[in-house]
Every structure is written in C-alpha cells, then in structure tokens.
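For reference, the structure is listed below as structure tokens.
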Amino acid sequence: MNLLARTGALCALSCSLIFAADSAATIGQIHDRELSILERELVPLAEAMPADKYDFAPAQGAFKGVRTFGQQMTHIASVMYSISGTVLGEKPPADIGTGENGPDSLKGKDAIIKYLKEAFGYSHKAMRSLTEQNFFEMVQAYGSKTPRGQVASELVWHGFDHYGQAVVYLRMNDIIPPASR
C-alpha cells in the first residue's frame, strides 16, 4: 500500500472514530457542548470591556432606556440561574434579584464576571442533567407546563441574543470583540 493510500485509510479510520464518538454523546453532553460555545464567546467579551465602561449604555435613538453593559451581563447570568434551577427542579444557589437584571447589590466588573462564571458553572450542571428520560418531562415554566428540554434550550439562545447586543456595546466603545480579533 502506498503512502497516499495509507494516509487516506488512516484519515477514514480517524473520521469514523470521531463520528462514532459523537453519535454516542448523550442529550446532556450535546446541550452542555452548546452551552460551552456560548461560554467561550461571552466570558472573554465580558472581560474585554473595561471596568469604567460597565455602566455604558447607548442613549441615542432606538437605544434609549436599554440596559447598561453590566446589566446585560447580570441579566444573562440571572436568567441562566433561573432556567437552570427550573431544569434541575431546585431553587438556584445564587441571588437572582427581583427583576431581570440580577441582584441590585452586584456592582463592578470583577463581581459581575464572577457572578457570570458561577452562573455558567450551575448551567453546565443543568445541561449535563438532561437525559432521554427527563428531556420531555413537563416542568413549570413561563406560567405553564413546558418540556424540560425546551426550557434548557433557552440557556443558549437567550445568551447569544444578549451577546449580540454586548458586541455592539464594545464596538461603540472602539473595542474589537475577542471573537473578531
């Protein structure tokens, strides 16, 4: 067998092993990987914004009255805590505040990033708890019974919704988001 044929055979074997490993992934592992993608984008973005800009919010035009950058981050984290608690069937281990922006006592970049990272830790626990048996179980959410898996999916899409807004905030402050560097 020539070198090209051996290389091709090795690549085919490697690819089949990779796909076999992925096909054996559990529902929890698949959803946890999706959450990890959000984490790899959002945490560096939060870290890239200077501390003195955490109170920045655009004020002109359609931006009037929007959340500050810091509030965007605490909002994402508090919603992650709330959703994860619903998925796990327990009270979240952190104060999520009374509104959608997290606890009022949470101030400053360092505290907000710590809160965000801890929310990701709790959310990973929630995602890894998903199984074929509990994914379609109905849980109380949004004022009605909703499949647990549907509630869990909000962790990622909601986070990326606000990630997009936060990217705009960085660019308005002449900061290139880490994912664009």
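Here, A, B, ... name the chains of the structure tokens in the order displayed, residue numbers run from 1 inside each chain, and ligands are numbered from 1 in the same displayed order.
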
Write out as a PyMOL selection string each polymer residue whose atoms come within 9 Å of stretch 87-104 of chain A, counting only C-alpha atoms; drop sequence neighbours fewer than 3 positions from it. chain A and resi 67+71-79+81-84+107+115+118-119+122+125-127+129-130+139+148-149+151-152

Using 7 Å as the limit and counting only C-alpha atoms, can you tabulate each residue of stretch 63-162 of chain A that touches stretch 32-54 of chain A, with its shortest atom-to-atom distance in Å and the two atoms involved, as JSON lines?
```
{"residue": "A:Thr68", "atom": "CA", "partner": "A:Tyr54", "partner_atom": "CA", "distance": 6.7}
{"residue": "A:Phe69", "atom": "CA", "partner": "A:Tyr54", "partner_atom": "CA", "distance": 5.1}
{"residue": "A:Gly70", "atom": "CA", "partner": "A:Tyr54", "partner_atom": "CA", "distance": 4.7}
{"residue": "A:Gly108", "atom": "CA", "partner": "A:Ala51", "partner_atom": "CA", "distance": 6.9}
{"residue": "A:Lys109", "atom": "CA", "partner": "A:Ala51", "partner_atom": "CA", "distance": 5.2}
{"residue": "A:Ile113", "atom": "CA", "partner": "A:Ala46", "partner_atom": "CA", "distance": 6.8}
{"residue": "A:His124", "atom": "CA", "partner": "A:Asp32", "partner_atom": "CA", "distance": 5.9}
{"residue": "A:Met127", "atom": "CA", "partner": "A:Asp32", "partner_atom": "CA", "distance": 5.1}
{"residue": "A:Arg128", "atom": "CA", "partner": "A:Asp32", "partner_atom": "CA", "distance": 6.0}
{"residue": "A:Val156", "atom": "CA", "partner": "A:Leu35", "partner_atom": "CA", "distance": 5.8}
{"residue": "A:Gly159", "atom": "CA", "partner": "A:Leu38", "partner_atom": "CA", "distance": 7.0}
{"residue": "A:Phe160", "atom": "CA", "partner": "A:Leu38", "partner_atom": "CA", "distance": 6.7}
```

Write a file of the just-selected residues containing N, CA and C atoms, as an mmCIF file, in the first residue's frame.
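Dumped to part-v2.cif:
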```
data_model
loop_
_atom_site.group_PDB
_atom_site.id
_atom_site.type_symbol
_atom_site.label_atom_id
_atom_site.label_comp_id
_atom_site.auth_asym_id
_atom_site.auth_seq_id
_atom_site.Cartn_x
_atom_site.Cartn_y
_atom_site.Cartn_z
ATOM 1 N N THR A 68 -27.461 48.764 30.720
ATOM 2 C CA THR A 68 -26.024 49.046 30.621
ATOM 3 C C THR A 68 -25.307 47.743 30.263
ATOM 4 N N PHE A 69 -24.038 47.843 29.926
ATOM 5 C CA PHE A 69 -23.265 46.636 29.627
ATOM 6 C C PHE A 69 -23.260 45.702 30.834
ATOM 7 N N GLY A 70 -23.003 46.241 32.014
ATOM 8 C CA GLY A 70 -23.005 45.421 33.225
ATOM 9 C C GLY A 70 -24.360 44.768 33.457
ATOM 10 N N GLY A 108 -19.736 46.430 39.837
ATOM 11 C CA GLY A 108 -18.345 46.358 39.409
ATOM 12 C C GLY A 108 -18.036 45.163 38.523
ATOM 13 N N LYS A 109 -17.085 45.367 37.644
ATOM 14 C CA LYS A 109 -16.704 44.359 36.665
ATOM 15 C C LYS A 109 -16.314 43.036 37.308
ATOM 16 N N ILE A 113 -18.348 39.585 36.583
ATOM 17 C CA ILE A 113 -17.730 38.459 35.877
ATOM 18 C C ILE A 113 -17.748 37.206 36.750
ATOM 19 N N HIS A 124 -23.978 24.469 33.484
ATOM 20 C CA HIS A 124 -23.381 23.217 32.986
ATOM 21 C C HIS A 124 -23.965 22.029 33.742
ATOM 22 N N MET A 127 -27.395 21.371 32.249
ATOM 23 C CA MET A 127 -27.332 20.753 30.917
ATOM 24 C C MET A 127 -26.920 19.290 31.014
ATOM 25 N N ARG A 128 -25.950 18.996 31.853
ATOM 26 C CA ARG A 128 -25.483 17.610 31.987
ATOM 27 C C ARG A 128 -26.537 16.712 32.638
ATOM 28 N N VAL A 156 -28.929 28.811 25.862
ATOM 29 C CA VAL A 156 -28.018 29.179 24.780
ATOM 30 C C VAL A 156 -28.583 30.301 23.925
ATOM 31 N N GLY A 159 -28.710 33.640 25.773
ATOM 32 C CA GLY A 159 -27.362 34.176 25.973
ATOM 33 C C GLY A 159 -26.788 34.781 24.707
ATOM 34 N N PHE A 160 -26.985 34.102 23.572
ATOM 35 C CA PHE A 160 -26.458 34.639 22.317
ATOM 36 C C PHE A 160 -27.230 35.872 21.861
#
```

With only C-alpha atoms as the atoms that count, which of A:Leu116, A:Met80, A:Ala141, A:Met172 lies nearest to A:His158?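 Ranking A:Leu116, A:Met80, A:Ala141, A:Met172 by distance to A:His158, first place goes to A:Met80.
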
Every residue of stretch 41-146 of chain A that DSSP places in strand (DSSP E or B), as a list in words: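 Across stretch 41-146 of chain A, those assigned strand (DSSP E or B) are Met138, Val139, Gln140, Ala141, Ser144, Lys145 and Thr146 of chain A.
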
All alpha helix (DSSP H) positions in chain A, as a PyMOL selection string: chain A and resi 3-23+27-48+69-88+109-128+148-172

Could you check the closest approach to A:Met138 for each of A:Gln60, A:Ser105, A:Gln150, A:Thr26 and tell me which residue wins, using only C-alpha atoms? A:Gln150
